[in-house]
>>> print(open('protein35.cif').read())   # mmCIF, C-alpha atoms
data_target
loop_
_atom_site.label_atom_id
_atom_site.label_comp_id
_atom_site.auth_asym_id
_atom_site.auth_seq_id
_atom_site.Cartn_x
_atom_site.Cartn_y
_atom_site.Cartn_z
CA MET C 17 -12.85 26.26 99.34
CA ALA C 18 -10.77 27.87 102.09
CA PRO C 19 -10.59 25.86 105.33
CA HIS C 20 -12.13 27.08 108.58
CA PRO C 21 -9.74 29.41 110.51
CA VAL C 22 -9.30 26.77 113.25
CA VAL C 23 -8.47 24.11 110.65
CA GLN C 24 -6.10 26.57 108.93
CA ALA C 25 -4.32 27.15 112.26
CA ILE C 26 -3.97 23.37 112.76
CA ILE C 27 -2.56 22.97 109.24
CA ASP C 28 0.00 25.76 109.80
CA LEU C 29 0.91 24.32 113.22
CA SER C 30 1.35 20.79 111.82
CA ALA C 31 3.36 21.99 108.82
CA GLY C 32 5.59 24.03 111.14
CA ALA C 33 6.19 20.96 113.33
CA ILE C 34 7.21 18.87 110.30
CA GLY C 35 9.53 21.65 109.11
CA GLY C 36 11.07 22.00 112.58
CA THR C 37 11.81 18.27 112.76
CA ALA C 38 13.51 18.35 109.34
CA CYS C 39 15.56 21.37 110.45
CA VAL C 40 16.96 19.65 113.56
CA LEU C 41 17.73 16.30 111.96
CA SER C 42 19.71 17.98 109.17
CA GLY C 43 21.82 20.33 111.29
CA GLN C 44 22.19 19.24 114.94
CA PRO C 45 25.97 18.47 115.00
CA LEU C 46 26.75 21.93 113.58
CA ASP C 47 24.42 23.57 116.12
CA THR C 48 26.28 21.77 118.93
CA ALA C 49 29.60 23.14 117.63
CA LYS C 50 28.07 26.64 117.49
CA VAL C 51 26.92 26.59 121.14
CA LYS C 52 30.28 25.22 122.38
CA MET C 53 32.22 27.91 120.50
CA GLN C 54 29.89 30.68 121.70
CA THR C 55 30.23 29.62 125.33
CA PHE C 56 33.97 28.82 125.30
CA PRO C 57 35.48 30.97 122.50
CA THR C 58 39.08 30.51 123.70
CA LEU C 59 38.85 26.74 124.13
CA TYR C 60 38.74 25.92 120.42
CA ARG C 61 40.92 27.21 117.57
CA GLY C 62 38.04 27.01 115.12
CA PHE C 63 35.05 25.07 113.90
CA VAL C 64 37.01 21.99 112.73
CA HIS C 65 38.98 21.83 115.99
CA CYS C 66 35.74 22.01 118.02
CA PHE C 67 34.09 19.36 115.86
CA VAL C 68 37.06 16.94 116.00
CA SER C 69 37.73 17.52 119.73
CA THR C 70 34.12 16.80 120.63
CA TYR C 71 34.14 13.63 118.54
CA ARG C 72 37.41 12.40 120.14
CA GLN C 73 36.38 13.20 123.71
CA VAL C 74 32.73 12.12 123.72
CA GLY C 75 32.20 10.35 120.40
CA LEU C 76 29.41 10.85 117.87
CA ARG C 77 26.92 11.06 120.75
CA GLY C 78 28.60 14.30 121.83
CA LEU C 79 27.78 15.97 118.52
CA TYR C 80 24.12 15.01 118.94
CA GLN C 81 24.01 16.08 122.60
CA GLY C 82 20.81 18.02 123.19
CA THR C 83 18.96 16.54 120.19
CA THR C 84 15.83 15.74 122.23
CA PRO C 85 15.38 19.27 123.60
CA ALA C 86 16.44 20.63 120.18
CA LEU C 87 13.59 18.66 118.60
CA MET C 88 11.24 19.88 121.31
CA ALA C 89 12.49 23.46 120.83
CA ASN C 90 12.21 23.48 117.05
CA ILE C 91 8.89 21.65 116.88
CA ALA C 92 7.41 23.96 119.53
CA GLU C 93 8.96 27.12 118.04
CA ASN C 94 8.09 26.43 114.40
CA SER C 95 4.59 25.14 115.20
CA VAL C 96 3.78 28.35 117.06
CA LEU C 97 5.78 30.51 114.62
CA PHE C 98 4.03 29.34 111.46
CA MET C 99 0.60 29.21 113.12
CA CYS C 100 1.05 32.81 114.34
CA TYR C 101 2.61 33.74 110.98
CA GLY C 102 -0.70 32.88 109.29
CA PHE C 103 -2.66 34.77 111.95
CA CYS C 104 -0.34 37.81 111.81
CA GLN C 105 -0.77 37.96 108.03
CA GLU C 106 -4.50 38.44 108.64
CA VAL C 107 -3.68 41.20 111.16
CA VAL C 108 -1.45 42.91 108.58
CA ARG C 109 -4.28 42.72 106.01
CA PHE C 110 -6.68 44.30 108.55
CA VAL C 111 -4.25 47.08 109.49
CA SER C 112 -3.45 47.87 105.85
CA GLY C 113 -7.14 47.82 104.87
CA GLN C 114 -6.90 44.83 102.54
CA GLU C 115 -9.56 42.19 102.00
CA LYS C 116 -9.34 38.83 103.76
CA GLY C 117 -7.14 36.46 101.77
CA ALA C 118 -5.55 39.26 99.70
CA VAL C 119 -1.97 38.64 98.55
CA LEU C 120 0.56 40.44 100.76
CA SER C 121 3.80 41.99 99.60
CA ASP C 122 7.12 40.45 100.64
CA MET C 123 7.68 43.35 103.08
CA GLN C 124 4.26 42.80 104.69
CA LYS C 125 5.00 39.09 105.11
CA ALA C 126 8.33 39.99 106.72
CA CYS C 127 6.47 42.18 109.23
CA ALA C 128 4.02 39.35 109.96
CA GLY C 129 6.90 36.92 110.57
CA SER C 130 8.62 39.42 112.88
CA VAL C 131 5.51 39.82 115.08
CA ALA C 132 4.88 36.06 115.07
CA SER C 133 8.38 35.47 116.48
CA VAL C 134 7.42 37.16 119.77
CA PHE C 135 4.93 34.35 120.47
CA SER C 136 7.32 31.59 119.38
CA SER C 137 10.00 32.98 121.73
CA LEU C 138 7.81 32.10 124.72
CA VAL C 139 7.93 28.39 123.88
CA LEU C 140 11.45 28.43 122.46
CA CYS C 141 13.27 29.91 125.46
CA PRO C 142 12.67 27.07 128.01
CA THR C 143 13.52 24.26 125.57
CA GLU C 144 16.55 26.06 124.15
CA LEU C 145 17.82 26.68 127.70
CA VAL C 146 17.89 22.91 128.32
CA LYS C 147 19.46 22.26 124.89
CA CYS C 148 22.27 24.80 125.34
CA ARG C 149 23.12 23.50 128.81
CA LEU C 150 23.33 19.91 127.59
CA GLN C 151 25.49 20.91 124.63
CA ALA C 152 28.03 22.78 126.80
CA MET C 153 27.85 20.45 129.84
CA HIS C 154 31.14 18.66 129.09
CA GLU C 155 33.09 21.95 128.93
CA MET C 156 31.40 23.32 132.06
CA ALA C 157 32.39 20.21 134.03
CA THR C 158 35.98 19.93 132.76
CA SER C 159 36.62 23.66 133.35
CA GLY C 160 35.48 23.28 136.96
CA LYS C 161 32.64 25.80 136.65
CA ILE C 162 30.16 23.22 137.96
CA ALA C 163 30.73 20.41 140.48
CA HIS C 164 28.41 17.82 138.94
CA SER C 165 27.36 17.48 135.32
CA GLN C 166 23.88 16.48 134.19
CA ASN C 167 23.83 14.38 131.05
CA THR C 168 20.10 13.82 130.51
CA VAL C 169 17.21 16.12 129.68
CA TRP C 170 15.38 15.22 132.88
CA SER C 171 18.41 15.86 135.13
CA VAL C 172 18.85 19.34 133.62
CA ILE C 173 15.13 20.10 134.07
CA LYS C 174 15.24 18.94 137.71
CA SER C 175 18.32 21.09 138.34
CA ILE C 176 16.63 24.21 136.94
CA ILE C 177 13.46 23.65 138.98
CA HIS C 178 15.48 22.96 142.16
CA ASN C 179 17.79 25.99 141.82
CA ASP C 180 15.62 28.62 140.14
CA GLY C 181 12.01 27.44 140.17
CA PRO C 182 9.70 27.62 137.13
CA ALA C 183 10.91 31.15 136.30
CA GLY C 184 14.39 29.68 135.75
CA PHE C 185 13.26 28.23 132.42
CA PHE C 186 12.94 31.77 131.05
CA GLN C 187 16.52 32.86 131.67
CA GLY C 188 17.57 34.59 128.46
CA LEU C 189 13.98 35.39 127.36
CA THR C 190 14.69 39.11 126.80
CA THR C 191 17.69 38.26 124.63
CA THR C 192 15.69 35.61 122.77
CA ILE C 193 12.97 38.13 121.86
CA ALA C 194 15.60 40.76 120.97
CA ARG C 195 17.15 38.17 118.64
CA GLU C 196 13.94 36.81 117.13
CA VAL C 197 12.09 40.03 116.19
CA PRO C 198 14.70 41.55 113.83
CA GLY C 199 15.96 38.10 112.87
CA TYR C 200 12.65 36.79 111.62
CA PHE C 201 11.93 40.02 109.76
CA CYS C 202 15.08 39.28 107.74
CA PHE C 203 14.30 35.54 107.66
CA PHE C 204 10.82 35.77 106.15
CA GLY C 205 11.69 38.87 104.11
CA ALA C 206 14.66 37.22 102.38
CA TYR C 207 12.76 33.93 101.93
CA GLU C 208 9.71 35.54 100.33
CA LEU C 209 11.79 37.93 98.19
CA CYS C 210 13.94 35.07 96.92
CA ARG C 211 10.84 32.99 96.11
CA SER C 212 9.36 35.97 94.23
CA LEU C 213 12.52 36.32 92.16
CA PHE C 214 12.50 32.60 91.32
CA ALA C 215 8.80 32.76 90.38
CA GLU C 216 9.41 35.77 88.13
CA TYR C 217 12.39 34.11 86.46
CA MET C 218 10.57 30.78 85.98
CA HIS C 219 7.25 32.44 84.95
CA CYS C 220 5.18 30.52 87.49
CA GLY C 221 3.50 30.98 90.88
CA LYS C 222 5.56 31.12 94.08
CA ASP C 223 4.07 27.81 95.18
CA ASP C 224 5.22 26.06 91.99
CA ILE C 225 8.93 26.92 91.86
CA GLY C 226 10.07 23.43 92.86
CA VAL C 227 12.26 21.84 95.53
CA ALA C 228 15.70 23.35 94.82
CA PRO C 229 14.50 27.00 94.73
CA ILE C 230 12.56 26.49 97.99
CA VAL C 231 15.63 24.98 99.70
CA PHE C 232 17.86 27.80 98.42
CA SER C 233 15.33 30.48 99.47
CA GLY C 234 15.06 28.95 102.94
CA GLY C 235 18.85 28.77 103.25
CA LEU C 236 19.22 32.40 102.18
CA GLY C 237 16.58 33.45 104.71
CA GLY C 238 18.47 31.60 107.45
CA ALA C 239 21.79 33.16 106.41
CA CYS C 240 20.28 36.67 106.56
CA LEU C 241 18.81 35.93 110.00
CA TRP C 242 22.10 34.76 111.51
CA LEU C 243 24.24 37.51 110.01
CA VAL C 244 21.97 40.12 111.60
CA VAL C 245 21.39 38.57 115.05
CA TYR C 246 24.45 36.42 115.73
CA PRO C 247 25.97 38.60 118.51
CA MET C 248 22.63 38.54 120.38
CA ASP C 249 22.46 34.76 119.99
CA CYS C 250 25.99 34.49 121.40
CA VAL C 251 24.95 36.52 124.47
CA LYS C 252 21.81 34.37 124.86
CA SER C 253 23.83 31.13 124.80
CA ARG C 254 26.30 32.53 127.34
CA ILE C 255 23.49 33.61 129.70
CA GLN C 256 21.67 30.28 129.45
CA VAL C 257 24.78 28.13 129.96
CA MET C 258 26.62 30.23 132.55
CA SER C 259 23.45 30.65 134.63
CA MET C 260 24.19 27.08 135.81
CA THR C 261 26.79 28.65 138.12
CA GLY C 262 24.13 30.96 139.59
CA LYS C 263 26.22 34.07 138.84
CA GLN C 264 25.26 35.07 135.31
CA SER C 265 24.18 38.67 134.64
CA GLY C 266 21.49 39.98 132.29
CA PHE C 267 21.74 40.79 128.61
CA PHE C 268 23.44 44.21 128.71
CA LYS C 269 26.02 43.30 131.41
CA THR C 270 26.84 40.01 129.67
CA PHE C 271 27.19 41.77 126.30
CA MET C 272 29.52 44.44 127.73
CA HIS C 273 31.55 41.84 129.65
CA ILE C 274 32.17 39.81 126.47
CA PHE C 275 32.92 42.97 124.48
CA ARG C 276 35.40 44.38 127.03
CA THR C 277 37.20 41.20 128.08
CA GLU C 278 37.10 39.08 124.92
CA GLY C 279 36.55 41.56 122.11
CA VAL C 280 34.15 41.76 119.16
CA ARG C 281 35.48 38.52 117.71
CA ALA C 282 34.07 36.52 120.65
CA LEU C 283 30.56 37.73 119.75
CA TYR C 284 30.95 35.98 116.40
CA SER C 285 32.56 32.79 117.71
CA GLY C 286 30.81 29.79 116.11
CA LEU C 287 29.57 31.74 113.08
CA THR C 288 31.27 29.35 110.62
CA PRO C 289 29.33 26.17 111.63
CA THR C 290 26.17 28.29 111.83
CA MET C 291 26.53 29.52 108.24
CA ILE C 292 27.42 26.03 107.01
CA ARG C 293 24.37 24.64 108.83
CA THR C 294 21.90 27.30 107.74
CA PHE C 295 21.41 26.19 104.14
CA PRO C 296 20.61 22.49 104.69
CA ALA C 297 18.76 23.11 107.99
CA ASN C 298 16.61 26.07 106.94
CA GLY C 299 16.20 24.67 103.45
CA ALA C 300 14.82 21.49 105.04
CA LEU C 301 12.64 23.60 107.37
CA PHE C 302 10.88 25.43 104.55
CA LEU C 303 10.75 22.39 102.28
CA GLY C 304 9.06 20.38 105.04
CA TYR C 305 6.70 23.27 105.82
CA GLU C 306 5.73 24.16 102.24
CA ALA C 307 5.38 20.54 101.02
CA SER C 308 3.28 19.34 103.98
CA ARG C 309 1.14 22.48 103.99
CA LYS C 310 0.49 22.15 100.25
CA ILE C 311 -0.62 18.53 100.70
CA MET C 312 -2.95 19.42 103.59
CA MET C 313 -4.37 22.50 101.85
CA ALA C 314 -5.05 20.43 98.70
CA GLN C 315 -7.68 18.48 100.66
CA PHE C 316 -9.82 21.66 100.70
CA ASP C 317 -9.35 22.59 97.06
CA SER C 318 -11.12 19.54 95.68
#
>>> encode(input="protein35.cif", output="structure tokens")
Amino acid sequence: MAPHPVVQAIIDLSAGAIGGTACVLSGQPLDTAKVKMQTFPTLYRGFVHCFVSTYRQVGLRGLYQGTTPALMANIAENSVLFMCYGFCQEVVRFVSGQEKGAVLSDMQKACAGSVASVFSSLVLCPTELVKCRLQAMHEMATSGKIAHSQNTVWSVIKSIIHNDGPAGFFQGLTTTIAREVPGYFCFFGAYELCRSLFAEYMHCGKDDIGVAPIVFSGGLGGACLWLVVYPMDCVKSRIQVMSMTGKQSGFFKTFMHIFRTEGVRALYSGLTPTMIRTFPANGALFLGYEASRKIMMAQFDS
């Protein structure tokens, strides 16, 4: 028996929250290195140099700087993302004239994931703004770009409210949406296609392919997402961190400034730790989501 739509939404939301938690805990140090390299591309020679320098200067705590807002960001984003993903699949069925509960193609699921990402961006942007600022706070202070550094989540939140008001939490929203929509089309498309290929090869249903194929499919989806949207993510990080100085421009001006003064390479600064992180982090995301959702859905099949 299929659960009530409200119960289904709660299941998808809960499974997304569990997946988001697994994603952060498995990849936070590499995400910190990514944000530092995006914001200060000339400060570090490469991923290893950034990683080692952060550890020497601030210790292990420095690599986990921003974990609290990262957890908040990922739990909020993935809860809303997967809840809306289920809802958007129903919308795709309606638009394409299919019956309720009909199996969608991998392309249709990719479209549903892309639309769902618009809604998740609204909750992701404020929490990711706080996370990015905390992660790059040490470099902003030592470079003299800010007079006083804030080292706690609450101090960053107070600073944003004091300087920019509630609207300040949505700095970088346009870039976030521009990143998420094409990114999550590739993310869900690659994930579902990879699962379909595993299911065909193993002669079983997509829900029965096992742990390793799910982790690999999730990692591949994450890799496709980042390869497509990485320059936009770099611009987003720069806007959200540099807006602490009160002088940061919008998406297009920031993009052109980086392109003209630092070159194309700067738009891909931090790609190495991102690609290393994507397989364990996104594999854990989908494993947490699929496993917890399967357990919760099983309560309605008996």
>>> residues_around(input="protein35.cif", residues="C:Val107", least_positions_apart="2", cutoff="12 Å", atoms="only C-alpha atoms", output="VMD selection string")
chain C and resid 100 to 105 109 to 118 120 124 to 125 127 to 129 131 to 132
>>> resolve_selection(input="protein35.cif", expression="the PyMOL selection byres ((chain C and resi 148) around 8)", output="list in words")
Val51, Gly82, Glu144, Leu145, Val146, Lys147, Arg149, Leu150, Gln151, Ala152, Ser253, Gln256 and Val257 of chain C
>>> write_last_selection(input="protein35.cif", atoms="C-alpha atoms", output="PDB file, in the coordinates of the input")
ATOM      1  CA  VAL C  51      26.920  26.590 121.140  1.00  0.00           C
ATOM      2  CA  GLY C  82      20.810  18.020 123.190  1.00  0.00           C
ATOM      3  CA  GLU C 144      16.550  26.060 124.150  1.00  0.00           C
ATOM      4  CA  LEU C 145      17.820  26.680 127.700  1.00  0.00           C
ATOM      5  CA  VAL C 146      17.890  22.910 128.320  1.00  0.00           C
ATOM      6  CA  LYS C 147      19.460  22.260 124.890  1.00  0.00           C
ATOM      7  CA  ARG C 149      23.120  23.500 128.810  1.00  0.00           C
ATOM      8  CA  LEU C 150      23.330  19.910 127.590  1.00  0.00           C
ATOM      9  CA  GLN C 151      25.490  20.910 124.630  1.00  0.00           C
ATOM     10  CA  ALA C 152      28.030  22.780 126.800  1.00  0.00           C
ATOM     11  CA  SER C 253      23.830  31.130 124.800  1.00  0.00           C
ATOM     12  CA  GLN C 256      21.670  30.280 129.450  1.00  0.00           C
ATOM     13  CA  VAL C 257      24.780  28.130 129.960  1.00  0.00           C
TER      14      VAL C 257
END
>>> resolve_selection(input="protein35.cif", expression="the PyMOL selection byres ((chain C and resi 31) around 12)", output="PyMOL selection string")
chain C and resi 24-30+32-38+91-99+101-102+301-313
>>> residues_around(input="protein35.cif", residues="C:Ala126", least_positions_apart="4", cutoff="8 Å", atoms="all atoms listed in the file", output="PyMOL selection string")
chain C and resi 122+130+200-205+208
>>> atom_distance(input="protein35.cif", atom1="atom CA of C:Thr70", atom2="atom CA of C:Leu236")
28.4 Å
>>> closest_residue(input="protein35.cif", among="C:Ser233, C:Phe186, C:Gly62, C:Gln44", to="C:Ile255", atoms="all atoms listed in the file")
C:Phe186
>>> residues_near_point(input="protein35.cif", point="(16.1, 17.4, 130.7)", cutoff="9 Å", atoms="all atoms listed in the file", output="ChimeraX atom specification")
/C:82,84-85,143,146-147,150,166-175
>>> write_last_selection(input="protein35.cif", atoms="C-alpha atoms", output="PDB file, keeping the file's coordinate frame")
ATOM      1  CA  GLY C  82      20.810  18.020 123.190  1.00  0.00           C
ATOM      2  CA  THR C  84      15.830  15.740 122.230  1.00  0.00           C
ATOM      3  CA  PRO C  85      15.380  19.270 123.600  1.00  0.00           C
ATOM      4  CA  THR C 143      13.520  24.260 125.570  1.00  0.00           C
ATOM      5  CA  VAL C 146      17.890  22.910 128.320  1.00  0.00           C
ATOM      6  CA  LYS C 147      19.460  22.260 124.890  1.00  0.00           C
ATOM      7  CA  LEU C 150      23.330  19.910 127.590  1.00  0.00           C
ATOM      8  CA  GLN C 166      23.880  16.480 134.190  1.00  0.00           C
ATOM      9  CA  ASN C 167      23.830  14.380 131.050  1.00  0.00           C
ATOM     10  CA  THR C 168      20.100  13.820 130.510  1.00  0.00           C
ATOM     11  CA  VAL C 169      17.210  16.120 129.680  1.00  0.00           C
ATOM     12  CA  TRP C 170      15.380  15.220 132.880  1.00  0.00           C
ATOM     13  CA  SER C 171      18.410  15.860 135.130  1.00  0.00           C
ATOM     14  CA  VAL C 172      18.850  19.340 133.620  1.00  0.00           C
ATOM     15  CA  ILE C 173      15.130  20.100 134.070  1.00  0.00           C
ATOM     16  CA  LYS C 174      15.240  18.940 137.710  1.00  0.00           C
ATOM     17  CA  SER C 175      18.320  21.090 138.340  1.00  0.00           C
TER      18      SER C 175
END
>>> closest_residue(input="protein35.cif", among="C:Pro21, C:Gly266, C:Pro45, C:Gly78", to="C:Phe63", atoms="all atoms listed in the file")
C:Pro45
>>> atom_distance(input="protein35.cif", atom1="atom CA of C:Asp223", atom2="atom CA of C:Val108")
20.9 Å
>>> axis_aligned_box(input="protein35.cif", around="stretch 43-54 of chain C", padding_each_side="4 Å", output="AutoDock Vina command-line options")
--center_x 27.0 --center_y 24.6 --center_z 116.8 --size_x 18.4 --size_y 20.2 --size_z 19.1
>>> closest_residue(input="protein35.cif", among="C:Pro296, C:Gly199, C:Gly235, C:Gly279", to="C:Val40", atoms="all atoms listed in the file")
C:Pro296
>>> residues_near_point(input="protein35.cif", point="(26.8, 34.9, 103.2)", cutoff="12 Å", atoms="only C-alpha atoms", output="list of chain:residue names")
C:Gly235, C:Leu236, C:Gly237, C:Gly238, C:Ala239, C:Cys240, C:Leu241, C:Trp242, C:Leu243, C:Val244, C:Leu287, C:Thr288, C:Thr290, C:Met291, C:Ile292, C:Arg293, C:Thr294, C:Phe295
>>> resolve_selection(input="protein35.cif", expression="the PyMOL selection byres ((chain C and resi 286) around 6)", output="PyMOL selection string")
chain C and resi 50+53-54+285+287-289
>>> residues_around(input="protein35.cif", residues="C:Phe271", least_positions_apart="4", cutoff="12 Å", atoms="only C-alpha atoms", output="PyMOL selection string")
chain C and resi 191+247-255+264-267+275-280+282-283
>>> residues_around(input="protein35.cif", residues="C:Ile193", least_positions_apart="5", cutoff="8 Å", atoms="all atoms listed in the file", output="list of chain:residue names")
C:Ser133, C:Val134, C:Ser137
>>> atom_distance(input="protein35.cif", atom1="atom CA of C:Val245", atom2="atom CA of C:Ala228")
25.9 Å
>>> closest_residue(input="protein35.cif", among="C:Ala49, C:Ile177, C:Val197, C:Leu189", to="C:Tyr71", atoms="all atoms listed in the file")
C:Ala49
>>> decode(input="protein35.cif", residues="stretch 274-283 of chain C", atoms="all heavy atoms", output="PDB file, in the first residue's frame")
ATOM      1  N   ILE C 274      37.248  37.830 -12.430  1.00  0.00           N
ATOM      2  CA  ILE C 274      38.120  36.654 -12.250  1.00  0.00           C
ATOM      3  C   ILE C 274      38.726  36.255 -13.586  1.00  0.00           C
ATOM      4  O   ILE C 274      39.932  35.983 -13.686  1.00  0.00           O
ATOM      5  CB  ILE C 274      37.330  35.469 -11.649  1.00  0.00           C
ATOM      6  CG1 ILE C 274      36.823  35.808 -10.244  1.00  0.00           C
ATOM      7  CG2 ILE C 274      38.197  34.212 -11.591  1.00  0.00           C
ATOM      8  CD1 ILE C 274      35.855  34.787  -9.674  1.00  0.00           C
ATOM      9  N   PHE C 275      37.897  36.225 -14.627  1.00  0.00           N
ATOM     10  CA  PHE C 275      38.344  35.792 -15.957  1.00  0.00           C
ATOM     11  C   PHE C 275      39.437  36.717 -16.503  1.00  0.00           C
ATOM     12  O   PHE C 275      40.450  36.254 -17.043  1.00  0.00           O
ATOM     13  CB  PHE C 275      37.150  35.757 -16.913  1.00  0.00           C
ATOM     14  CG  PHE C 275      37.485  35.292 -18.298  1.00  0.00           C
ATOM     15  CD1 PHE C 275      37.700  33.941 -18.556  1.00  0.00           C
ATOM     16  CD2 PHE C 275      37.592  36.199 -19.348  1.00  0.00           C
ATOM     17  CE1 PHE C 275      38.024  33.508 -19.838  1.00  0.00           C
ATOM     18  CE2 PHE C 275      37.916  35.774 -20.633  1.00  0.00           C
ATOM     19  CZ  PHE C 275      38.127  34.419 -20.878  1.00  0.00           C
ATOM     20  N   ARG C 276      39.246  38.030 -16.344  1.00  0.00           N
ATOM     21  CA  ARG C 276      40.200  39.001 -16.914  1.00  0.00           C
ATOM     22  C   ARG C 276      41.474  39.123 -16.106  1.00  0.00           C
ATOM     23  O   ARG C 276      42.565  39.260 -16.666  1.00  0.00           O
ATOM     24  CB  ARG C 276      39.527  40.379 -17.018  1.00  0.00           C
ATOM     25  CG  ARG C 276      38.502  40.465 -18.141  1.00  0.00           C
ATOM     26  CD  ARG C 276      37.736  41.778 -18.055  1.00  0.00           C
ATOM     27  NE  ARG C 276      36.745  41.894 -19.129  1.00  0.00           N
ATOM     28  CZ  ARG C 276      35.750  42.760 -19.121  1.00  0.00           C
ATOM     29  NH1 ARG C 276      35.591  43.585 -18.093  1.00  0.00           N
ATOM     30  NH2 ARG C 276      34.889  42.802 -20.130  1.00  0.00           N
ATOM     31  N   THR C 277      41.371  39.121 -14.795  1.00  0.00           N
ATOM     32  CA  THR C 277      42.545  39.372 -13.946  1.00  0.00           C
ATOM     33  C   THR C 277      43.295  38.107 -13.526  1.00  0.00           C
ATOM     34  O   THR C 277      44.492  38.153 -13.274  1.00  0.00           O
ATOM     35  CB  THR C 277      42.146  40.161 -12.681  1.00  0.00           C
ATOM     36  OG1 THR C 277      41.204  39.383 -11.925  1.00  0.00           O
ATOM     37  CG2 THR C 277      41.529  41.503 -13.046  1.00  0.00           C
ATOM     38  N   GLU C 278      42.581  36.979 -13.437  1.00  0.00           N
ATOM     39  CA  GLU C 278      43.218  35.763 -12.933  1.00  0.00           C
ATOM     40  C   GLU C 278      43.224  34.609 -13.939  1.00  0.00           C
ATOM     41  O   GLU C 278      43.909  33.614 -13.747  1.00  0.00           O
ATOM     42  CB  GLU C 278      42.511  35.310 -11.645  1.00  0.00           C
ATOM     43  CG  GLU C 278      42.550  36.371 -10.545  1.00  0.00           C
ATOM     44  CD  GLU C 278      41.672  35.996  -9.356  1.00  0.00           C
ATOM     45  OE1 GLU C 278      41.679  34.824  -8.963  1.00  0.00           O
ATOM     46  OE2 GLU C 278      40.971  36.889  -8.838  1.00  0.00           O
ATOM     47  N   GLY C 279      42.426  34.743 -14.996  1.00  0.00           N
ATOM     48  CA  GLY C 279      42.411  33.726 -16.035  1.00  0.00           C
ATOM     49  C   GLY C 279      41.420  32.600 -15.770  1.00  0.00           C
ATOM     50  O   GLY C 279      40.831  32.507 -14.694  1.00  0.00           O
ATOM     51  N   VAL C 280      41.264  31.738 -16.786  1.00  0.00           N
ATOM     52  CA  VAL C 280      40.321  30.619 -16.707  1.00  0.00           C
ATOM     53  C   VAL C 280      40.686  29.664 -15.589  1.00  0.00           C
ATOM     54  O   VAL C 280      39.829  29.092 -14.921  1.00  0.00           O
ATOM     55  CB  VAL C 280      40.268  29.865 -18.056  1.00  0.00           C
ATOM     56  CG1 VAL C 280      39.377  28.638 -17.965  1.00  0.00           C
ATOM     57  CG2 VAL C 280      39.777  30.783 -19.167  1.00  0.00           C
ATOM     58  N   ARG C 281      41.995  29.493 -15.377  1.00  0.00           N
ATOM     59  CA  ARG C 281      42.461  28.527 -14.376  1.00  0.00           C
ATOM     60  C   ARG C 281      41.913  28.831 -12.988  1.00  0.00           C
ATOM     61  O   ARG C 281      41.621  27.920 -12.203  1.00  0.00           O
ATOM     62  CB  ARG C 281      43.987  28.502 -14.348  1.00  0.00           C
ATOM     63  CG  ARG C 281      44.563  27.384 -13.519  1.00  0.00           C
ATOM     64  CD  ARG C 281      46.060  27.297 -13.678  1.00  0.00           C
ATOM     65  NE  ARG C 281      46.607  26.224 -12.866  1.00  0.00           N
ATOM     66  CZ  ARG C 281      47.895  25.897 -12.835  1.00  0.00           C
ATOM     67  NH1 ARG C 281      48.761  26.568 -13.594  1.00  0.00           N
ATOM     68  NH2 ARG C 281      48.311  24.926 -12.064  1.00  0.00           N
ATOM     69  N   ALA C 282      41.759  30.121 -12.665  1.00  0.00           N
ATOM     70  CA  ALA C 282      41.250  30.509 -11.345  1.00  0.00           C
ATOM     71  C   ALA C 282      39.818  30.037 -11.130  1.00  0.00           C
ATOM     72  O   ALA C 282      39.401  29.765  -9.996  1.00  0.00           O
ATOM     73  CB  ALA C 282      41.328  32.024 -11.176  1.00  0.00           C
ATOM     74  N   LEU C 283      39.049  29.918 -12.215  1.00  0.00           N
ATOM     75  CA  LEU C 283      37.661  29.449 -12.114  1.00  0.00           C
ATOM     76  C   LEU C 283      37.584  27.971 -11.763  1.00  0.00           C
ATOM     77  O   LEU C 283      36.524  27.474 -11.370  1.00  0.00           O
ATOM     78  CB  LEU C 283      36.921  29.707 -13.435  1.00  0.00           C
ATOM     79  CG  LEU C 283      36.654  31.179 -13.774  1.00  0.00           C
ATOM     80  CD1 LEU C 283      36.212  31.319 -15.219  1.00  0.00           C
ATOM     81  CD2 LEU C 283      35.608  31.771 -12.830  1.00  0.00           C
TER      82      LEU C 283
END
